$ cat data_35.csv   # CSV, C-alpha atoms
chain,number,residue,atom,x,y,z
T,413,THR,CA,108.5,141.6,166.0
T,414,TYR,CA,107.8,145.0,167.3
T,415,PHE,CA,111.4,145.2,168.5
T,416,GLN,CA,112.8,144.7,165.0
T,417,HIS,CA,110.0,146.8,163.4
T,418,VAL,CA,111.2,149.8,165.3
T,419,LEU,CA,114.9,149.1,164.4
T,420,LEU,CA,113.8,149.0,160.8
T,421,THR,CA,111.9,152.3,161.1
T,422,VAL,CA,114.8,154.3,162.6
T,423,LEU,CA,117.6,152.9,160.3
T,424,PRO,CA,117.3,155.5,157.5
T,425,THR,CA,117.3,158.4,160.0
T,426,LEU,CA,120.3,157.0,161.8
T,427,LEU,CA,122.2,156.6,158.6
T,428,GLY,CA,121.3,160.1,157.5
T,429,MET,CA,122.4,161.6,160.8
T,430,LYS,CA,125.7,159.7,160.6
T,431,ASN,CA,126.3,160.8,157.0
T,432,MET,CA,125.5,164.5,157.8
T,433,GLN,CA,127.8,164.2,160.9
T,434,ILE,CA,125.0,165.2,163.3
T,435,HIS,CA,125.5,162.2,165.5
T,436,ASP,CA,126.7,158.6,165.1
T,437,PHE,CA,124.1,156.6,167.0
T,438,LEU,CA,125.4,153.5,165.4
T,439,ALA,CA,128.6,153.8,167.4
T,440,ASP,CA,126.8,154.7,170.6
T,441,PRO,CA,127.2,151.9,173.2
T,442,GLN,CA,123.7,152.3,174.4
T,443,PHE,CA,122.2,151.9,170.9
T,444,GLN,CA,124.5,148.9,170.3
T,445,LYS,CA,123.0,147.3,173.4
T,446,LEU,CA,119.7,147.2,171.5
T,447,LEU,CA,121.3,145.4,168.6
T,448,TYR,CA,123.0,142.9,171.0
T,449,ALA,CA,119.5,142.4,172.5
T,450,ALA,CA,118.2,141.5,169.0
T,451,VAL,CA,120.9,138.8,168.6
T,452,GLN,CA,119.9,137.4,172.0
T,453,GLN,CA,116.3,136.9,171.0
T,454,LEU,CA,117.1,134.7,168.0
T,455,SER,CA,115.3,131.4,167.7
T,456,PRO,CA,116.6,128.0,166.4
T,457,ARG,CA,115.9,127.3,162.7
T,458,ASP,CA,112.1,127.0,162.2
T,459,LYS,CA,110.7,124.7,159.6
T,460,ALA,CA,107.5,126.9,159.5
T,461,LEU,CA,109.7,129.8,158.1
T,462,ASN,CA,111.6,128.0,155.4
T,463,ASN,CA,114.0,126.6,158.0
T,464,CYS,CA,115.2,130.1,158.9
T,465,ARG,CA,115.7,131.7,162.3
T,466,HIS,CA,113.7,134.7,163.6
T,467,LEU,CA,113.2,136.7,166.7
T,468,VAL,CA,111.0,135.2,169.3
T,469,PRO,CA,107.7,136.9,168.8
T,470,PHE,CA,107.1,138.2,172.3
T,471,GLY,CA,103.8,140.2,172.4
T,472,ASP,CA,103.7,140.5,168.6
T,473,HIS,CA,102.3,139.4,165.3
T,474,ALA,CA,103.8,136.0,164.9
T,475,ALA,CA,107.3,135.2,163.8
T,476,ALA,CA,108.5,136.9,160.6
T,477,ASN,CA,111.7,137.4,158.6
T,478,TRP,CA,110.7,139.7,155.8
T,479,PRO,CA,111.9,142.5,155.5
T,480,TYR,CA,114.0,142.1,158.6
T,481,ASN,CA,116.6,139.8,157.0
T,482,MET,CA,117.6,142.9,155.0
T,483,LEU,CA,117.6,144.8,158.3
T,484,TRP,CA,120.4,142.7,159.8
T,485,HIS,CA,122.5,143.0,156.7
T,486,ASN,CA,122.4,146.8,156.8
T,487,TYR,CA,123.0,147.1,160.5
T,488,ALA,CA,126.0,144.8,160.2
T,489,SER,CA,127.5,147.1,157.6
T,490,ALA,CA,126.6,150.2,159.6
T,491,VAL,CA,128.3,149.2,162.9
T,492,ALA,CA,131.3,147.4,161.4
T,493,HIS,CA,133.4,150.6,161.7
T,494,SER,CA,132.9,150.7,165.5
T,495,ASN,CA,132.2,147.2,166.7
T,496,SER,CA,133.5,144.2,164.6
T,497,GLU,CA,132.1,141.6,167.1
T,498,LEU,CA,128.5,143.0,166.9
T,499,ALA,CA,128.8,143.4,163.1
T,500,GLY,CA,129.8,139.7,162.9
T,501,HIS,CA,126.8,138.6,164.9
T,502,LEU,CA,124.4,140.7,162.8
T,503,ALA,CA,126.0,139.4,159.6
T,504,TRP,CA,125.4,135.9,160.9
T,505,MET,CA,121.8,136.8,161.7
T,506,ALA,CA,121.2,138.1,158.2
T,507,GLY,CA,122.2,134.8,156.7
T,508,GLU,CA,120.4,132.6,159.3
T,509,CYS,CA,117.2,134.7,158.8
T,510,GLY,CA,117.2,134.1,155.0
T,511,GLY,CA,119.0,137.2,153.9
T,512,THR,CA,122.4,137.9,152.5
T,513,VAL,CA,125.7,138.3,154.4
T,514,PRO,CA,127.8,141.4,153.7
T,515,GLU,CA,130.8,140.3,151.8
T,516,SER,CA,133.3,142.2,153.9
T,517,ILE,CA,132.1,140.9,157.3
T,518,GLU,CA,132.9,137.5,158.7
T,519,PRO,CA,129.8,135.9,160.3
T,520,LEU,CA,130.0,135.3,164.0
T,521,PRO,CA,127.5,132.8,165.4
T,522,LEU,CA,125.5,133.4,168.6
T,523,PRO,CA,127.0,131.4,171.5
T,524,TRP,CA,124.3,128.8,172.2
T,525,GLN,CA,124.0,129.3,176.0
T,526,SER,CA,121.3,130.5,178.4
T,527,SER,CA,121.1,134.2,179.1
T,528,TYR,CA,119.0,136.9,180.7
T,529,LEU,CA,117.7,139.9,178.8
T,530,ASN,CA,116.6,142.8,181.0
T,531,GLY,CA,113.1,143.9,180.2
T,532,LEU,CA,112.2,140.8,178.2
T,533,GLY,CA,113.1,137.7,180.2
T,534,VAL,CA,115.2,134.5,180.2
T,535,PHE,CA,116.4,132.5,177.3
T,536,PHE,CA,117.2,128.8,178.2
T,537,ARG,CA,119.3,127.3,175.5
T,538,ASN,CA,120.4,123.7,175.1
T,539,ARG,CA,120.5,120.8,172.6
T,540,ALA,CA,118.0,118.0,172.3
T,541,ASP,CA,119.1,114.4,172.1
T,542,ASN,CA,119.1,114.5,168.3
T,543,GLY,CA,121.5,117.4,168.3
T,544,SER,CA,118.9,120.0,167.4
T,545,GLU,CA,118.9,123.4,169.2
T,546,THR,CA,116.4,123.8,172.0
T,547,LEU,CA,115.2,127.2,173.2
T,548,LEU,CA,112.7,128.1,175.9
T,549,ALA,CA,112.1,131.9,176.0
T,550,PHE,CA,110.5,132.9,179.4
T,551,ARG,CA,108.7,136.2,179.2
T,552,SER,CA,109.1,138.6,182.1
T,553,GLY,CA,109.9,142.3,182.3
T,554,SER,CA,108.8,145.9,181.8
T,555,ALA,CA,109.2,146.0,178.0
T,556,TRP,CA,106.2,145.5,175.8
T,557,GLY,CA,105.2,146.0,172.2
T,558,HIS,CA,101.6,145.7,171.1
T,559,HIS,CA,100.0,145.5,174.6
T,560,HIS,CA,99.8,141.8,175.1
T,561,ASN,CA,99.0,140.3,178.5
T,562,ASP,CA,101.8,137.8,178.3
T,563,ASP,CA,103.6,138.0,181.6
T,564,THR,CA,105.4,134.7,182.5
T,565,SER,CA,104.3,133.1,179.2
T,566,PHE,CA,106.9,131.1,177.3
T,567,TRP,CA,107.8,129.9,173.8
T,568,LEU,CA,109.4,126.5,173.3
T,569,TYR,CA,111.3,125.6,170.2
T,570,SER,CA,113.1,122.3,169.4
T,571,TYR,CA,113.5,119.8,166.5
T,572,GLY,CA,113.1,122.8,164.2
T,573,ARG,CA,109.5,123.6,165.4
T,574,MET,CA,107.6,125.8,167.7
T,575,LEU,CA,106.3,123.3,170.3
T,576,ILE,CA,104.6,125.8,172.7
T,577,GLY,CA,103.8,129.5,172.3
T,578,ASP,CA,101.0,131.9,171.8
T,579,ALA,CA,97.5,131.1,170.5
T,580,GLY,CA,97.4,130.8,166.8
T,581,PHE,CA,101.2,131.2,166.7
T,582,GLY,CA,100.5,134.9,167.7
T,583,ASP,CA,99.0,135.6,164.3
T,584,HIS,CA,96.2,138.1,163.6
T,585,ALA,CA,93.8,135.3,162.9
T,586,ALA,CA,93.8,134.5,166.7
T,587,GLY,CA,91.6,137.6,167.3
T,588,ARG,CA,91.4,138.7,170.9
T,589,MET,CA,93.3,135.6,172.0
T,590,LYS,CA,96.3,137.3,170.4
T,591,PHE,CA,96.3,139.9,173.2
T,592,ASP,CA,94.4,138.4,176.2
T,593,ASP,CA,96.1,136.5,179.0
T,594,CYS,CA,94.3,133.2,178.0
T,595,GLY,CA,95.9,133.4,174.6
T,596,HIS,CA,99.4,133.0,176.0
T,597,SER,CA,101.0,130.0,177.7
T,598,ARG,CA,100.7,131.3,181.2
T,599,TRP,CA,98.8,131.5,184.5
T,600,THR,CA,95.7,133.7,185.0
T,601,LEU,CA,92.5,133.9,187.1
T,602,PRO,CA,89.3,132.1,186.0
T,603,GLY,CA,86.7,134.5,184.6
T,604,GLU,CA,89.1,137.5,184.6
T,605,THR,CA,91.4,139.0,182.0
T,606,LEU,CA,94.5,140.3,183.8
T,607,LEU,CA,96.0,143.6,182.5
T,608,ASN,CA,99.8,143.7,182.2
T,609,TYR,CA,100.3,147.0,180.4
T,610,HIS,CA,99.6,150.8,180.4
T,611,TRP,CA,101.4,151.2,183.8
T,612,ARG,CA,104.6,149.5,184.9
T,613,PHE,CA,103.1,148.3,188.2
T,614,ASN,CA,101.1,145.9,186.0
T,615,ARG,CA,104.3,144.2,184.9
T,616,GLY,CA,106.4,141.6,186.7
T,617,TRP,CA,110.1,140.8,186.6
T,618,ILE,CA,112.6,138.0,187.1
T,619,THR,CA,113.2,137.6,190.8
T,620,ASP,CA,115.7,134.7,190.8
T,621,MET,CA,117.8,132.8,188.3
T,622,ASP,CA,120.8,130.5,188.0
T,623,PHE,CA,122.6,129.3,184.9
T,624,ASP,CA,124.7,126.7,186.6
T,625,GLU,CA,125.8,123.9,184.2
T,626,THR,CA,123.9,121.3,186.2
T,627,ASN,CA,120.7,123.1,187.3
T,628,GLN,CA,119.4,126.1,185.3
T,629,TYR,CA,116.3,127.8,186.4
T,630,ALA,CA,114.5,131.2,186.6
T,631,THR,CA,111.7,132.5,188.6
T,632,ALA,CA,109.4,135.4,187.7
T,633,MET,CA,106.7,137.3,189.6
T,634,THR,CA,103.5,138.5,188.0
T,635,PRO,CA,101.3,141.1,189.8
T,636,ALA,CA,97.5,140.8,189.4
T,637,VAL,CA,96.6,144.5,190.0
T,638,MET,CA,94.1,145.4,187.2
T,639,THR,CA,91.8,143.6,184.9
T,640,LEU,CA,90.3,144.4,181.5
T,641,HIS,CA,86.6,145.3,181.3
T,642,GLU,CA,84.3,145.7,178.3
T,643,VAL,CA,82.9,149.1,179.5
T,644,ALA,CA,85.5,150.7,181.7
T,645,HIS,CA,88.5,149.1,179.8
T,646,SER,CA,90.6,148.7,182.9
T,647,LEU,CA,89.6,148.3,186.5
T,648,PRO,CA,91.7,147.8,189.7
T,649,ARG,CA,91.2,144.6,191.5
T,650,THR,CA,89.9,144.9,195.1
T,651,ARG,CA,93.0,143.0,196.2
T,652,GLN,CA,96.4,142.7,194.6
T,653,LEU,CA,97.8,139.3,194.0
T,654,GLN,CA,101.3,138.0,193.3
T,655,HIS,CA,101.9,135.0,191.2
T,656,PHE,CA,105.3,133.2,190.9
T,657,ARG,CA,106.4,130.9,188.1
T,658,SER,CA,109.6,129.0,188.1
T,659,ILE,CA,111.0,127.1,185.1
T,660,ALA,CA,113.8,124.6,185.4
T,661,MET,CA,115.7,123.2,182.4
T,662,LEU,CA,116.1,119.5,183.3
T,663,THR,CA,117.7,118.4,180.0
T,664,GLY,CA,117.7,119.6,176.4
T,665,ASN,CA,114.4,117.6,176.1
T,666,ALA,CA,112.6,118.4,179.4
T,667,PHE,CA,111.5,121.4,181.3
T,668,LEU,CA,109.7,121.6,184.7
T,669,VAL,CA,107.3,124.5,185.4
T,670,ILE,CA,106.1,125.2,189.0
T,671,ASP,CA,103.4,127.8,189.7
T,672,ASP,CA,102.2,129.3,193.0
T,673,THR,CA,100.4,132.4,194.3
T,674,GLU,CA,101.3,134.4,197.4
T,675,GLU,CA,97.6,134.2,198.4
T,676,LYS,CA,95.8,130.9,197.8
T,677,ILE,CA,93.2,131.4,195.0
T,678,ASP,CA,91.5,129.5,192.2
T,679,SER,CA,93.8,129.6,189.2
T,680,ALA,CA,93.8,128.8,185.5
T,681,TYR,CA,96.7,127.7,183.3
T,682,ASN,CA,96.7,127.9,179.6
T,683,PHE,CA,99.1,126.3,177.1
T,684,HIS,CA,99.1,126.6,173.3
T,685,LEU,CA,100.7,123.7,171.5
T,686,GLY,CA,102.0,124.1,167.9
T,687,SER,CA,100.1,121.0,166.7
T,688,THR,CA,96.4,120.1,166.8
T,689,LYS,CA,97.1,116.4,166.8
T,690,VAL,CA,96.7,116.0,170.5
T,691,THR,CA,95.8,112.8,172.4
T,692,ALA,CA,94.7,112.6,176.0
T,693,GLU,CA,96.5,109.6,177.6
T,694,SER,CA,94.9,110.2,180.9
T,695,SER,CA,93.2,113.1,182.8
T,696,ASN,CA,96.6,114.7,183.6
T,697,VAL,CA,98.7,113.7,180.5
T,698,VAL,CA,98.4,114.8,176.8
T,699,THR,CA,100.7,114.0,173.9
T,700,ALA,CA,101.0,116.3,170.8
T,701,ASP,CA,102.2,114.9,167.4
T,702,TYR,CA,104.2,117.4,165.3
T,703,GLY,CA,105.0,114.8,162.6
T,704,ASP,CA,108.7,114.4,163.4
T,705,VAL,CA,108.6,115.2,167.1
T,706,PHE,CA,106.3,114.4,170.0
T,707,LEU,CA,105.6,116.5,173.1
T,708,LYS,CA,104.1,115.3,176.3
T,709,LEU,CA,102.5,117.6,178.8
T,710,ILE,CA,102.2,116.1,182.2
T,711,THR,CA,100.7,117.6,185.4
T,712,LEU,CA,100.0,116.2,188.8
T,713,PRO,CA,97.6,113.3,189.2
T,714,GLU,CA,95.2,115.5,191.1
T,715,VAL,CA,95.0,118.1,188.4
T,716,SER,CA,93.0,117.6,185.2
T,717,LEU,CA,93.9,118.9,181.7
T,718,TYR,CA,91.1,119.7,179.3
T,719,ARG,CA,91.1,120.9,175.7
T,720,LYS,CA,89.4,124.0,174.4
T,721,GLU,CA,88.8,124.9,170.7
T,722,ASN,CA,91.8,125.2,168.4
T,723,VAL,CA,93.0,128.7,167.7
T,724,PRO,CA,93.6,129.5,164.0
T,725,GLY,CA,96.7,131.1,162.7
T,726,SER,CA,97.5,132.0,159.2
T,727,ARG,CA,100.7,132.6,157.2
T,728,THR,CA,101.3,133.1,153.5
T,729,ASP,CA,102.7,129.5,153.1
T,730,ALA,CA,100.4,127.5,155.3
T,731,ASN,CA,97.1,127.2,157.2
T,732,ILE,CA,98.1,126.5,160.8
T,733,ALA,CA,96.4,126.4,164.2
T,734,THR,CA,97.4,125.7,167.8
T,735,ALA,CA,95.7,123.4,170.3
T,736,HIS,CA,94.5,125.1,173.5
T,737,ILE,CA,95.1,123.0,176.7
T,738,CYS,CA,93.9,124.3,180.0
T,739,ALA,CA,93.9,123.3,183.7
T,740,GLU,CA,91.8,125.0,186.4
T,741,VAL,CA,93.0,124.5,189.9
T,742,ASP,CA,91.2,124.9,193.2
T,743,ARG,CA,92.8,127.2,195.8
T,744,LYS,CA,93.2,124.2,198.1
T,745,THR,CA,95.5,122.5,195.7
T,746,GLY,CA,98.5,124.7,196.5
T,747,PRO,CA,101.5,125.0,194.2
T,748,VAL,CA,101.2,123.0,190.9
T,749,ALA,CA,103.7,121.7,188.5
T,750,PHE,CA,103.8,120.9,184.8
T,751,LEU,CA,106.4,118.8,183.0
T,752,PHE,CA,107.1,119.2,179.3
T,753,VAL,CA,109.2,116.5,177.6
T,754,PHE,CA,109.7,115.9,173.9
T,755,GLY,CA,111.5,113.6,171.5
T,756,SER,CA,111.4,111.8,168.2
T,757,SER,CA,109.3,108.9,169.7
T,758,SER,CA,105.9,109.1,171.4
T,759,GLU,CA,107.3,106.7,174.1
T,760,LEU,CA,108.2,109.4,176.5
T,761,SER,CA,108.0,107.6,179.9
T,762,TRP,CA,108.3,110.5,182.3
T,763,THR,CA,106.4,110.9,185.6
T,764,LEU,CA,105.5,113.8,187.8
T,765,LYS,CA,104.1,113.6,191.3
T,766,ARG,CA,104.2,115.3,194.7
T,767,ASN,CA,106.6,114.0,197.3
T,768,GLY,CA,105.4,115.6,200.5
T,769,GLU,CA,106.0,119.3,200.1
T,770,ASN,CA,108.2,118.7,197.0
T,771,PHE,CA,107.7,117.7,193.4
T,772,TYR,CA,109.4,114.7,191.9
T,773,ALA,CA,110.0,114.3,188.2
T,774,ALA,CA,111.7,111.3,186.6
T,775,GLY,CA,112.3,109.8,183.2
T,776,SER,CA,115.0,108.7,180.7
T,777,GLY,CA,117.5,107.8,183.4
T,778,PHE,CA,117.1,111.2,185.0
T,779,ALA,CA,115.3,112.3,188.2
T,780,ILE,CA,115.1,115.5,190.2
T,781,GLU,CA,113.2,116.6,193.3
T,782,ALA,CA,112.2,120.2,193.5
T,783,SER,CA,110.5,122.4,196.1
T,784,PHE,CA,108.9,125.8,195.8
T,785,ALA,CA,109.4,128.2,198.8
T,786,ASN,CA,110.0,131.9,199.4
T,787,GLY,CA,109.0,132.7,195.9
T,788,SER,CA,111.5,130.5,194.1
T,789,ILE,CA,112.3,127.0,193.1
T,790,GLN,CA,114.7,124.9,195.1
T,791,LEU,CA,116.3,121.9,193.4
T,792,VAL,CA,116.9,119.9,196.5
T,793,ASN,CA,118.0,116.5,195.1
T,794,HIS,CA,119.6,115.7,191.8
T,795,LEU,CA,119.5,112.0,191.2
T,796,SER,CA,120.8,109.8,188.3
$ encode --input "data_35.csv" --output "structure tokens"
Amino acid sequence: TYFQHVLLTVLPTLLGMKNMQIHDFLADPQFQKLLYAAVQQLSPRDKALNNCRHLVPFGDHAAANWPYNMLWHNYASAVAHSNSELAGHLAWMAGECGGTVPESIEPLPLPWQSSYLNGLGVFFRNRADNGSETLLAFRSGSAWGHHHNDDTSFWLYSYGRMLIGDAGFGDHAAGRMKFDDCGHSRWTLPGETLLNYHWRFNRGWITDMDFDETNQYATAMTPAVMTLHEVAHSLPRTRQLQHFRSIAMLTGNAFLVIDDTEEKIDSAYNFHLGSTKVTAESSNVVTADYGDVFLKLITLPEVSLYRKENVPGSRTDANIATAHICAEVDRKTGPVAFLFVFGSSSELSWTLKRNGENFYAAGSGFAIEASFANGSIQLVNHLS
């Protein structure tokens, strides 16, 4: 990603400055925070990248390991003299990303637990019912790389695959979709391209979160202040909007997403699935077949899902594409919810519906009632 690309670029300079005794940035606590942040962005093992881990490609050019697996090996060796714990994490990353582990450093695995990374967002971590690692990376914050309009988008990994992410896996072949809001799994406005970069007031942030063992959730706010325009490039909207997205991790196989805007307005929701084998079970339910795992996207009965053209992605080892699923919602609908469940069988018997002012999601012996008020999610009733 852009994050690790910069770390790779500055490494020779940092080593040179250390060797010439100008300054040891590698022992600087502030610089080591950057390296800890890299550890925090690590994905589960990904079958699309030779079963290796990689950094979540927020706002970047798809997931990649080369030459960054060499990067973690060298940084581990470089910080070992000042921070043995960080060196252990980086050595573990080197091996997990397909590189070699420094012989003198004992690898230290990343604790597989949810966390918040200031500037980038929230990383929900769990394990699916088959024991595989689950990660939902929820993008929100003022940091950005290649100017992508990806506020409140998310990447979902489990069963060794990317289940949901950016259009075309974020690869160059996706064209403008690689940058535009509709090319990310997020909310936007029909007929407009929201701008989330150039000025910090275009970026949102995490407004609420809780990593309690029973109910884990996070809420992010996205401002709609400016739009992209073919001629003027960027134009201010006549009226600023604020959108809120809450994501709750129900189990290691299920996530609930609730969206609302401060001012009622027509809205569009885009989701990019990592498989093009998608079947519509009804107007509000689609199932994607990834070969060894199935994902079901469920929305409310009054909301319709429709499919747009697949978005191509390309890697050296495969021709891949993502399925583009959309929902356009009238301003009268109010808050909307989406349920994402996945497992080794296509028989994923979950339901999602309104229950008065609340949302009710149930399946696989699990049920929860959630409301959305005051800009955040409230998990009001946890049932079994």
$ closest_atom_pairs --input "data_35.csv" --of "range 530-567 of chain T" --to "range 598-617 of chain T" --cutoff "12 Å" --atoms "only C-alpha atoms" --output "JSON lines"
{"residue": "T:Asn530", "atom": "CA", "partner": "T:Trp617", "partner_atom": "CA", "distance": 8.8}
{"residue": "T:Gly531", "atom": "CA", "partner": "T:Trp617", "partner_atom": "CA", "distance": 7.7}
{"residue": "T:Leu532", "atom": "CA", "partner": "T:Trp617", "partner_atom": "CA", "distance": 8.7}
{"residue": "T:Gly533", "atom": "CA", "partner": "T:Trp617", "partner_atom": "CA", "distance": 7.7}
{"residue": "T:Val534", "atom": "CA", "partner": "T:Trp617", "partner_atom": "CA", "distance": 10.3}
{"residue": "T:Phe550", "atom": "CA", "partner": "T:Arg598", "partner_atom": "CA", "distance": 10.1}
{"residue": "T:Arg551", "atom": "CA", "partner": "T:Trp617", "partner_atom": "CA", "distance": 8.8}
{"residue": "T:Ser552", "atom": "CA", "partner": "T:Trp617", "partner_atom": "CA", "distance": 5.1}
{"residue": "T:Gly553", "atom": "CA", "partner": "T:Trp617", "partner_atom": "CA", "distance": 4.6}
{"residue": "T:Ser554", "atom": "CA", "partner": "T:Arg615", "partner_atom": "CA", "distance": 5.7}
{"residue": "T:Ala555", "atom": "CA", "partner": "T:Arg615", "partner_atom": "CA", "distance": 8.7}
{"residue": "T:Trp556", "atom": "CA", "partner": "T:Tyr609", "partner_atom": "CA", "distance": 7.6}
{"residue": "T:Gly557", "atom": "CA", "partner": "T:Tyr609", "partner_atom": "CA", "distance": 9.6}
{"residue": "T:His558", "atom": "CA", "partner": "T:Tyr609", "partner_atom": "CA", "distance": 9.5}
{"residue": "T:His559", "atom": "CA", "partner": "T:Tyr609", "partner_atom": "CA", "distance": 6.0}
{"residue": "T:His560", "atom": "CA", "partner": "T:Asn608", "partner_atom": "CA", "distance": 7.3}
{"residue": "T:Asn561", "atom": "CA", "partner": "T:Asn608", "partner_atom": "CA", "distance": 5.1}
{"residue": "T:Asp562", "atom": "CA", "partner": "T:Arg598", "partner_atom": "CA", "distance": 7.2}
{"residue": "T:Asp563", "atom": "CA", "partner": "T:Gly616", "partner_atom": "CA", "distance": 6.8}
{"residue": "T:Thr564", "atom": "CA", "partner": "T:Arg598", "partner_atom": "CA", "distance": 5.9}
{"residue": "T:Ser565", "atom": "CA", "partner": "T:Arg598", "partner_atom": "CA", "distance": 4.5}
{"residue": "T:Phe566", "atom": "CA", "partner": "T:Arg598", "partner_atom": "CA", "distance": 7.3}
{"residue": "T:Trp567", "atom": "CA", "partner": "T:Arg598", "partner_atom": "CA", "distance": 10.4}
$ atom_distance --input "data_35.csv" --atom1 "CA of Thr631 in chain T" --atom2 "CA of Ala586 in chain T"
28.4 Å
$ closest_residue --input "data_35.csv" --among "T:His435, T:His584, T:Arg465, T:Lys459" --to "Tyr480 in chain T" --atoms "all atoms listed in the file"
T:Arg465
$ residues_around --input "data_35.csv" --residues "range 763-780 of chain T" --least-positions-apart "2" --cutoff "12 Å" --atoms "only C-alpha atoms" --output "PyMOL selection string"
chain T and resi 541+626-627+660-663+665-671+696-697+708-715+745-755+759-761+782-785+789-796
$ atom_distance --input "data_35.csv" --atom1 "CA of Cys594 in chain T" --atom2 "CA of Ser570 in chain T"
23.4 Å
